[in-house]
Amino acid sequence: MKEAAARIRINRLLEAAGWRFFADGKGPANIQLERSVTLKTQDIDSLGDDFEKVTKGFIDFFLLNEKGFPFIVLEAKAEGKNPLVGKEQARKYAKSENCRFVILSNGNLHYFWDLERGNPYIVTSFPTPGSATGYQKSVPNPGRLIEENVDDDYIVLTQRPNYASEAAWKNEAERPRFIDANCLRFLRVYQKKAISALQRAIKDGKDRFLFEMATGTGKTLTAAAVIKLFLRTGNAHRVLFLVDRLELEDQALKTFKRVLANDFKTVIYKENRDDWSKAEIVVTTVQSLLFNNKYQRLFSPTDFDLVISDEAHRSIGGNARAVFDYFIGYKLGLTATPRDYLKKFSKTNPTTKDPREFERRLLLDTYRTFGCADGQPTYRYSLLDGVKDGFLVNPTVVDARTGITTELLSEQGFVVAFKDDNGDDQTEAFKQREFEKRFFSDATNKLFCRTFLENALRDPVSGEIGKSIVFAVSQDHAAKLTQIFNLIADKMYPGKYQSDFAVQVTSRITDAQQFAINFTNNNLLGSANFVPSYKTSKARVCVTVGMMTTGYDCPDILNLGLFRPIFSPTDFIQIKGRGTRRHMFTDQLFDDALKAAVKEPRKTAFKLFDFFANCEYFEECYNYDQVLILPKPRSQGGGGGGGGEGPTVYAETYEHLGEDILASVKEEKIGYEGMKIDRMFFERFEDTVRQNDFIAASVEAGKWDRVIDYVNREVFDKPAEYYSLDKLRHAAAVDRRLTLREILEKIFGLIPGFKSKDELLEEEFAKFVADYKPTEAEAIPALKTYFKAYVSSDQVRHIIESGQLTDLATNPSFSTRDFKAVPAKYRKLIPEYVKDYVSLNQFVA
């Protein structure tokens, strides 16, 4: 009865999808139904078990359109047969009835076939009449898609079609401000190459593509260009953009609205459940569609001609892949995760919970899903490509070792002889881990600081020590180093500093967070100490432990000091990342004559001072491919090797009172090949924070310093997750920089969402009003405009601070008229307030 079972299932599926249909065949019962009548199960059964064995061909279902004419041919096969065997017969029927679509089914396995597009595609349910009708409106033309010219202004022509004829664009001096004021998004060269690679793949007959692009390289903008390409050329009538987090959902919506709104409508599904079909771009989380199998109940396989999976290795993992594969049409995956990160995992236990094994399998599945089983994506643009193209800078590593650190780093360690409580001679070897914990050497700390200052990069404008961050072992160690730096600076620059050359920025220090903000804003303990017209912080070195490791952006950093050993890739990556951003130093110089004299105004490198061979460790010693094996419990009794030697005796601490000498200093500029830790680095995000009992309890208790320190040390960039603050910011869909605390507050429901730049500006202005209580009520709008412009625009701040107010006449965001509307006393008061109390860095996009 396999034939009867197949017919029953097909009939039920058609009824569930809402089709009107009839059976057009000359079977034993010679059934010919009216087109408006639904075929009943008993009618199908009357055809008998031998319904395929008829003299004039198979029995076919004709699905009717709204006018009652044949629209889709459904070729039915017995349950045990492959539906594809009826493919040519169905093609013949479809052409004879002028039908574009065919369904091949045996009741369990179904294929949807668009005769104008190519091959039959497996579907898990039948398309609805409305969906199929909408799908029919899209007439595929791969030739047009392949030949479409995608230039760097491809997106801009949607944003502002006549931009090239506008006066501000034609004026090269005004052009940068015109672009910024109108948020015009030009495609970069590598983004155009990605689209060209997709067009070539389509020419080769492919319909699945994968872009592997490093975080921060504009995957969403590239996706927007692909969406426009498909919609504009008529190869798609609607696009589904799948994400795996709510933050990414909002981010995608904002991006698509910002760049495509003039031509195409974008909606988030959950906010437009009743009219999402009126939009060309639908954004949703994959979890939303998975809930109660919503994707099957409420959507048809033909609702979308192009499906894009953001962060593809996550958004199609597990059951989510069912959502992705449910829809027919072209598929594009976006990922920042290179497949070749993990080379080895434990094969002895295939059910191991080693997170790297899970990740490897997920990545392999991702590449297979997008037709890249050979591991080669449709297009790749790596982190190191970004460095080569000038978007980031690599460090110059200064490997400096003293006599003492050389011994600490050696295989035997720094060996100390002492007598124990019984008067017996003992020895203990101290390793680098004990430095400033159990092993202390004032001479070594002084040598660190002196070597750092003698070899540090200088500021290209003022010639003073470039802005620097030094990472200490502990807060006590940070206090020691700060004092040493200030003593040395007094001798190097007599009269220039008053114990404010170096500043300790740790959690014990009052206003430490404000210090970090002021350092970024170039007014930490003063400004312009050497060149009056050059706005750079008076304090030149911040000594910290963990506060400025993650989530701290200061692009004009020129020197980083690793005054401690590091064993975690997390810490190493985060610390090194503080220096990789590019910077134009003359943007802070307000003297045109001096600007012309600066030989190298751009930041092209930074120095990473490494006193504990950390770079060597991560380049040569750290085992990225290590098979994770849990250590055996250590016996309580002590000694090594089971030789019965008894417990080991340890010296509690050791302070080296002698001198230390510089053993070696070696500089190595990191080339385009990058460090190994960069080559191996990749992103993987899982929502593990909520499940961490320590984090949850600390958040509930309001112990934020503990939470942030723990996340930085134990969560970020661990092999199980590979979180990083930059990646979380990228995923958050906010037009400014977020702090780690904000992200954690959002995760634990302490804030309803992330504030936009304007919402934050409103908050900051409200604080200003609360502090100064302006009595001129009619001037409040003008004050707010001035306040927002000064905070959010470098150009406005430069004009105000330089006094070149005539430049406001051509400023696109704050005009001369706006400035005149501000009462005189507030024209200086607001800038002074902003410098003292507002972190400008949080308003950077």
# chains A, B, ... in the order shown; residues from 1 in each chain; ligands from 1
call {"tool": "select_by_dssp", "arguments": {"residues": "range 468-630 of chain A", "states": "strand (DSSP E or B)", "output": "NGL selection string"}}
result
:A and (468-471 or 502-504 or 527 or 534 or 537 or 541-544 or 559-562 or 584 or 589 or 602 or 606-610)
call {"tool": "residues_around", "arguments": {"residues": "range 15-18 of chain A", "least_positions_apart": "3", "cutoff": "7 Å", "atoms": "only C-alpha atoms", "output": "ChimeraX atom specification"}}
result
/A:11-12,126-129
call {"tool": "residues_around", "arguments": {"residues": "Gln588 in chain A", "least_positions_apart": "4", "cutoff": "10 Å", "atoms": "only C-alpha atoms", "output": "ChimeraX atom specification"}}
result
/A:461,522,533-536,584,595,794,798
call {"tool": "residues_around", "arguments": {"residues": "Ile509 in chain A", "least_positions_apart": "2", "cutoff": "12 Å", "atoms": "only C-alpha atoms", "output": "ChimeraX atom specification"}}
result
/A:475-476,478-479,503-507,511-516,543-545,547
call {"tool": "write_last_selection", "arguments": {"atoms": "N, CA and C atoms", "output": "mmCIF file, in the first residue's frame"}}
result
data_model
loop_
_atom_site.group_PDB
_atom_site.id
_atom_site.type_symbol
_atom_site.label_atom_id
_atom_site.label_comp_id
_atom_site.auth_asym_id
_atom_site.auth_seq_id
_atom_site.Cartn_x
_atom_site.Cartn_y
_atom_site.Cartn_z
ATOM 1 N N GLN A 475 48.687 45.628 41.426
ATOM 2 C CA GLN A 475 48.515 47.045 41.741
ATOM 3 C C GLN A 475 49.720 47.575 42.508
ATOM 4 N N ASP A 476 50.279 46.759 43.403
ATOM 5 C CA ASP A 476 51.480 47.194 44.113
ATOM 6 C C ASP A 476 52.633 47.382 43.129
ATOM 7 N N ALA A 478 52.302 48.152 39.998
ATOM 8 C CA ALA A 478 51.982 49.358 39.233
ATOM 9 C C ALA A 478 52.402 50.619 39.989
ATOM 10 N N ALA A 479 52.192 50.632 41.306
ATOM 11 C CA ALA A 479 52.584 51.787 42.112
ATOM 12 C C ALA A 479 54.097 51.987 42.077
ATOM 13 N N VAL A 503 51.088 57.864 35.401
ATOM 14 C CA VAL A 503 49.927 57.822 36.279
ATOM 15 C C VAL A 503 49.499 56.378 36.466
ATOM 16 N N GLN A 504 49.238 55.996 37.711
ATOM 17 C CA GLN A 504 48.711 54.655 37.971
ATOM 18 C C GLN A 504 47.206 54.654 37.696
ATOM 19 N N VAL A 505 46.773 53.738 36.851
ATOM 20 C CA VAL A 505 45.347 53.624 36.506
ATOM 21 C C VAL A 505 44.912 52.207 36.834
ATOM 22 N N THR A 506 44.544 52.008 38.082
ATOM 23 C CA THR A 506 44.062 50.708 38.559
ATOM 24 C C THR A 506 42.842 50.937 39.440
ATOM 25 N N SER A 507 42.164 49.854 39.786
ATOM 26 C CA SER A 507 40.877 49.979 40.480
ATOM 27 C C SER A 507 40.994 50.593 41.870
ATOM 28 N N ASP A 511 39.040 57.822 40.870
ATOM 29 C CA ASP A 511 38.864 58.430 39.542
ATOM 30 C C ASP A 511 39.709 57.755 38.461
ATOM 31 N N ALA A 512 40.072 56.496 38.680
ATOM 32 C CA ALA A 512 40.894 55.798 37.684
ATOM 33 C C ALA A 512 40.189 55.722 36.336
ATOM 34 N N GLN A 513 38.876 55.484 36.367
ATOM 35 C CA GLN A 513 38.141 55.399 35.109
ATOM 36 C C GLN A 513 38.176 56.729 34.373
ATOM 37 N N GLN A 514 38.053 57.822 35.127
ATOM 38 C CA GLN A 514 38.122 59.150 34.512
ATOM 39 C C GLN A 514 39.514 59.425 33.955
ATOM 40 N N PHE A 515 40.534 58.905 34.654
ATOM 41 C CA PHE A 515 41.900 59.051 34.142
ATOM 42 C C PHE A 515 42.022 58.408 32.759
ATOM 43 N N ALA A 516 41.456 57.217 32.625
ATOM 44 C CA ALA A 516 41.540 56.516 31.340
ATOM 45 C C ALA A 516 40.827 57.313 30.251
ATOM 46 N N VAL A 543 50.109 53.386 33.845
ATOM 47 C CA VAL A 543 50.537 52.082 34.353
ATOM 48 C C VAL A 543 49.300 51.390 34.922
ATOM 49 N N THR A 544 48.986 50.237 34.390
ATOM 50 C CA THR A 544 47.750 49.557 34.757
ATOM 51 C C THR A 544 48.021 48.072 34.950
ATOM 52 N N VAL A 545 47.000 47.379 35.382
ATOM 53 C CA VAL A 545 47.072 45.922 35.491
ATOM 54 C C VAL A 545 46.085 45.303 34.507
ATOM 55 N N MET A 547 42.730 47.246 33.860
ATOM 56 C CA MET A 547 41.666 48.185 33.506
ATOM 57 C C MET A 547 41.695 48.612 32.048
#
call {"tool": "closest_residue", "arguments": {"among": "A:Asp325, A:Glu778, A:Asp758, A:Asp263", "to": "Val844 in chain A", "atoms": "only C-alpha atoms"}}
result
A:Asp758
call {"tool": "residues_around", "arguments": {"residues": "Asn141 in chain A", "least_positions_apart": "3", "cutoff": "10 Å", "atoms": "only C-alpha atoms", "output": "ChimeraX atom specification"}}
result
/A:116-117,138,144-146,230,233-236
call {"tool": "write_last_selection", "arguments": {"atoms": "all heavy atoms", "output": "tab-separated table (two decimals), in the first residue's frame"}}
result
chain	number	residue	atom	x	y	z
A	116	GLU	N	12.90	27.58	-15.01
A	116	GLU	CA	13.71	28.69	-15.54
A	116	GLU	C	14.98	28.93	-14.74
A	116	GLU	O	15.78	29.77	-15.09
A	116	GLU	CB	12.85	29.97	-15.58
A	116	GLU	CG	11.67	29.88	-16.54
A	116	GLU	CD	10.92	31.20	-16.65
A	116	GLU	OE1	11.43	32.21	-16.12
A	116	GLU	OE2	9.84	31.21	-17.26
A	117	ARG	N	15.15	28.19	-13.64
A	117	ARG	CA	16.31	28.43	-12.77
A	117	ARG	C	17.33	27.31	-12.77
A	117	ARG	O	18.48	27.53	-12.42
A	117	ARG	CB	15.84	28.68	-11.34
A	117	ARG	CG	15.15	30.02	-11.19
A	117	ARG	CD	15.29	30.56	-9.79
A	117	ARG	NE	14.78	31.92	-9.73
A	117	ARG	CZ	14.86	32.71	-8.69
A	117	ARG	NH1	15.45	32.26	-7.60
A	117	ARG	NH2	14.37	33.92	-8.71
A	138	SER	N	9.44	37.06	-9.79
A	138	SER	CA	10.88	37.18	-9.98
A	138	SER	C	11.30	36.29	-11.14
A	138	SER	O	11.27	35.07	-11.05
A	138	SER	CB	11.61	36.75	-8.70
A	138	SER	OG	13.00	36.71	-8.92
A	144	ARG	N	22.13	38.91	-16.41
A	144	ARG	CA	22.11	40.30	-15.97
A	144	ARG	C	22.82	40.45	-14.62
A	144	ARG	O	23.52	41.43	-14.37
A	144	ARG	CB	20.66	40.78	-15.84
A	144	ARG	CG	20.55	42.26	-15.54
A	144	ARG	CD	19.12	42.72	-15.45
A	144	ARG	NE	19.06	44.10	-15.02
A	144	ARG	CZ	17.97	44.69	-14.56
A	144	ARG	NH1	16.83	44.00	-14.52
A	144	ARG	NH2	17.99	45.94	-14.16
A	145	LEU	N	22.65	39.44	-13.76
A	145	LEU	CA	23.30	39.48	-12.45
A	145	LEU	C	24.82	39.44	-12.61
A	145	LEU	O	25.55	40.16	-11.94
A	145	LEU	CB	22.79	38.29	-11.62
A	145	LEU	CG	23.10	38.27	-10.13
A	145	LEU	CD1	22.04	37.48	-9.39
A	145	LEU	CD2	24.47	37.69	-9.85
A	146	ILE	N	25.27	38.60	-13.52
A	146	ILE	CA	26.72	38.45	-13.74
A	146	ILE	C	27.31	39.70	-14.36
A	146	ILE	O	28.43	40.12	-14.03
A	146	ILE	CB	26.98	37.23	-14.65
A	146	ILE	CG1	26.58	35.94	-13.92
A	146	ILE	CG2	28.43	37.16	-15.09
A	146	ILE	CD1	26.48	34.74	-14.84
A	230	PHE	N	20.99	41.49	-6.35
A	230	PHE	CA	19.95	40.50	-6.66
A	230	PHE	C	18.59	41.16	-6.90
A	230	PHE	O	17.87	40.79	-7.84
A	230	PHE	CB	19.85	39.48	-5.53
A	230	PHE	CG	20.82	38.34	-5.66
A	230	PHE	CD1	22.13	38.48	-5.24
A	230	PHE	CD2	20.42	37.14	-6.21
A	230	PHE	CE1	23.03	37.43	-5.37
A	230	PHE	CE2	21.30	36.08	-6.36
A	230	PHE	CZ	22.62	36.23	-5.94
A	233	THR	N	18.57	43.38	-10.24
A	233	THR	CA	18.63	42.64	-11.51
A	233	THR	C	17.45	41.69	-11.68
A	233	THR	O	17.40	40.94	-12.66
A	233	THR	CB	19.94	41.83	-11.59
A	233	THR	OG1	20.00	40.89	-10.50
A	233	THR	CG2	21.16	42.75	-11.55
A	234	GLY	N	16.51	41.70	-10.73
A	234	GLY	CA	15.33	40.86	-10.84
A	234	GLY	C	15.58	39.40	-10.52
A	234	GLY	O	14.72	38.56	-10.80
A	235	ASN	N	16.72	39.08	-9.92
A	235	ASN	CA	16.99	37.69	-9.56
A	235	ASN	C	16.51	37.35	-8.16
A	235	ASN	O	16.74	36.24	-7.68
A	235	ASN	CB	18.49	37.41	-9.69
A	235	ASN	CG	18.91	37.26	-11.14
A	235	ASN	OD1	18.80	36.19	-11.73
A	235	ASN	ND2	19.38	38.37	-11.74
A	236	ALA	N	15.88	38.29	-7.50
A	236	ALA	CA	15.23	38.04	-6.22
A	236	ALA	C	14.10	39.04	-6.06
A	236	ALA	O	14.21	40.19	-6.50
A	236	ALA	CB	16.23	38.18	-5.07
call {"tool": "atom_distance", "arguments": {"atom1": "CA of Arg100 in chain A", "atom2": "CA of Thr266 in chain A"}}
result
28.7 Å
call {"tool": "residues_around", "arguments": {"residues": "Ala322 in chain A", "least_positions_apart": "5", "cutoff": "12 Å", "atoms": "only C-alpha atoms", "output": "PDB file with N, CA, C and O atoms, in the first residue's frame"}}
result
ATOM      1  N   ILE A 122      15.293  20.256  -2.957  1.00  0.00           N
ATOM      2  CA  ILE A 122      14.529  19.574  -1.910  1.00  0.00           C
ATOM      3  C   ILE A 122      13.828  20.587  -1.010  1.00  0.00           C
ATOM      4  O   ILE A 122      14.443  21.557  -0.545  1.00  0.00           O
ATOM      5  N   VAL A 123      12.538  20.359  -0.754  1.00  0.00           N
ATOM      6  CA  VAL A 123      11.769  21.186   0.171  1.00  0.00           C
ATOM      7  C   VAL A 123      11.105  20.259   1.187  1.00  0.00           C
ATOM      8  O   VAL A 123      10.851  19.090   0.916  1.00  0.00           O
ATOM      9  N   THR A 124      10.849  20.799   2.376  1.00  0.00           N
ATOM     10  CA  THR A 124      10.216  19.977   3.412  1.00  0.00           C
ATOM     11  C   THR A 124       8.716  20.196   3.492  1.00  0.00           C
ATOM     12  O   THR A 124       8.027  19.508   4.240  1.00  0.00           O
ATOM     13  N   VAL A 286      17.460  33.435  13.805  1.00  0.00           N
ATOM     14  CA  VAL A 286      17.125  32.061  13.467  1.00  0.00           C
ATOM     15  C   VAL A 286      16.338  31.420  14.599  1.00  0.00           C
ATOM     16  O   VAL A 286      15.478  30.561  14.373  1.00  0.00           O
ATOM     17  N   GLN A 287      16.569  31.871  15.843  1.00  0.00           N
ATOM     18  CA  GLN A 287      15.831  31.317  16.975  1.00  0.00           C
ATOM     19  C   GLN A 287      14.349  31.630  16.878  1.00  0.00           C
ATOM     20  O   GLN A 287      13.499  30.812  17.255  1.00  0.00           O
ATOM     21  N   LEU A 289      12.565  31.888  14.195  1.00  0.00           N
ATOM     22  CA  LEU A 289      11.935  31.005  13.217  1.00  0.00           C
ATOM     23  C   LEU A 289      11.885  29.559  13.697  1.00  0.00           C
ATOM     24  O   LEU A 289      10.992  28.804  13.319  1.00  0.00           O
ATOM     25  N   LEU A 290      12.836  29.173  14.538  1.00  0.00           N
ATOM     26  CA  LEU A 290      12.860  27.802  15.049  1.00  0.00           C
ATOM     27  C   LEU A 290      11.767  27.544  16.087  1.00  0.00           C
ATOM     28  O   LEU A 290      11.283  26.426  16.217  1.00  0.00           O
ATOM     29  N   ASN A 293       8.639  25.617  15.368  1.00  0.00           N
ATOM     30  CA  ASN A 293       8.706  25.378  13.919  1.00  0.00           C
ATOM     31  C   ASN A 293       7.988  26.457  13.115  1.00  0.00           C
ATOM     32  O   ASN A 293       7.329  26.186  12.115  1.00  0.00           O
ATOM     33  N   LYS A 294       8.168  27.672  13.570  1.00  0.00           N
ATOM     34  CA  LYS A 294       7.480  28.793  12.929  1.00  0.00           C
ATOM     35  C   LYS A 294       7.837  28.909  11.449  1.00  0.00           C
ATOM     36  O   LYS A 294       7.007  29.298  10.629  1.00  0.00           O
ATOM     37  N   TYR A 295       9.077  28.571  11.120  1.00  0.00           N
ATOM     38  CA  TYR A 295       9.503  28.715   9.722  1.00  0.00           C
ATOM     39  C   TYR A 295       8.688  27.820   8.798  1.00  0.00           C
ATOM     40  O   TYR A 295       8.471  28.152   7.634  1.00  0.00           O
ATOM     41  N   GLN A 296       8.220  26.675   9.313  1.00  0.00           N
ATOM     42  CA  GLN A 296       7.412  25.779   8.491  1.00  0.00           C
ATOM     43  C   GLN A 296       5.933  26.156   8.517  1.00  0.00           C
ATOM     44  O   GLN A 296       5.237  26.022   7.511  1.00  0.00           O
ATOM     45  N   PRO A 301       8.478  27.742   1.352  1.00  0.00           N
ATOM     46  CA  PRO A 301       9.842  27.618   0.818  1.00  0.00           C
ATOM     47  C   PRO A 301      10.169  28.632  -0.266  1.00  0.00           C
ATOM     48  O   PRO A 301      11.342  28.918  -0.513  1.00  0.00           O
ATOM     49  N   SER A 315      24.973  30.773  12.954  1.00  0.00           N
ATOM     50  CA  SER A 315      23.540  30.891  12.684  1.00  0.00           C
ATOM     51  C   SER A 315      22.975  29.703  11.923  1.00  0.00           C
ATOM     52  O   SER A 315      21.760  29.605  11.757  1.00  0.00           O
ATOM     53  N   ILE A 316      23.825  28.783  11.448  1.00  0.00           N
ATOM     54  CA  ILE A 316      23.274  27.568  10.835  1.00  0.00           C
ATOM     55  C   ILE A 316      23.672  26.328  11.623  1.00  0.00           C
ATOM     56  O   ILE A 316      23.532  25.216  11.152  1.00  0.00           O
ATOM     57  N   GLY A 317      24.188  26.510  12.840  1.00  0.00           N
ATOM     58  CA  GLY A 317      24.596  25.376  13.660  1.00  0.00           C
ATOM     59  C   GLY A 317      23.395  24.621  14.216  1.00  0.00           C
ATOM     60  O   GLY A 317      22.343  25.184  14.493  1.00  0.00           O
ATOM     61  N   PHE A 327      14.305  27.155   2.862  1.00  0.00           N
ATOM     62  CA  PHE A 327      13.986  28.084   1.778  1.00  0.00           C
ATOM     63  C   PHE A 327      14.825  27.768   0.543  1.00  0.00           C
ATOM     64  O   PHE A 327      16.016  27.456   0.642  1.00  0.00           O
ATOM     65  N   ILE A 328      14.199  27.853  -0.606  1.00  0.00           N
ATOM     66  CA  ILE A 328      14.908  27.577  -1.850  1.00  0.00           C
ATOM     67  C   ILE A 328      15.603  28.844  -2.333  1.00  0.00           C
ATOM     68  O   ILE A 328      15.443  29.919  -1.754  1.00  0.00           O
ATOM     69  N   THR A 369      27.994  23.314   3.781  1.00  0.00           N
ATOM     70  CA  THR A 369      26.669  23.885   3.546  1.00  0.00           C
ATOM     71  C   THR A 369      26.690  24.896   2.411  1.00  0.00           C
ATOM     72  O   THR A 369      25.743  24.988   1.626  1.00  0.00           O
TER      73      THR A 369
END
call {"tool": "atom_distance", "arguments": {"atom1": "CA of Arg737 in chain A", "atom2": "CA of Phe178 in chain A"}}
result
23.1 Å
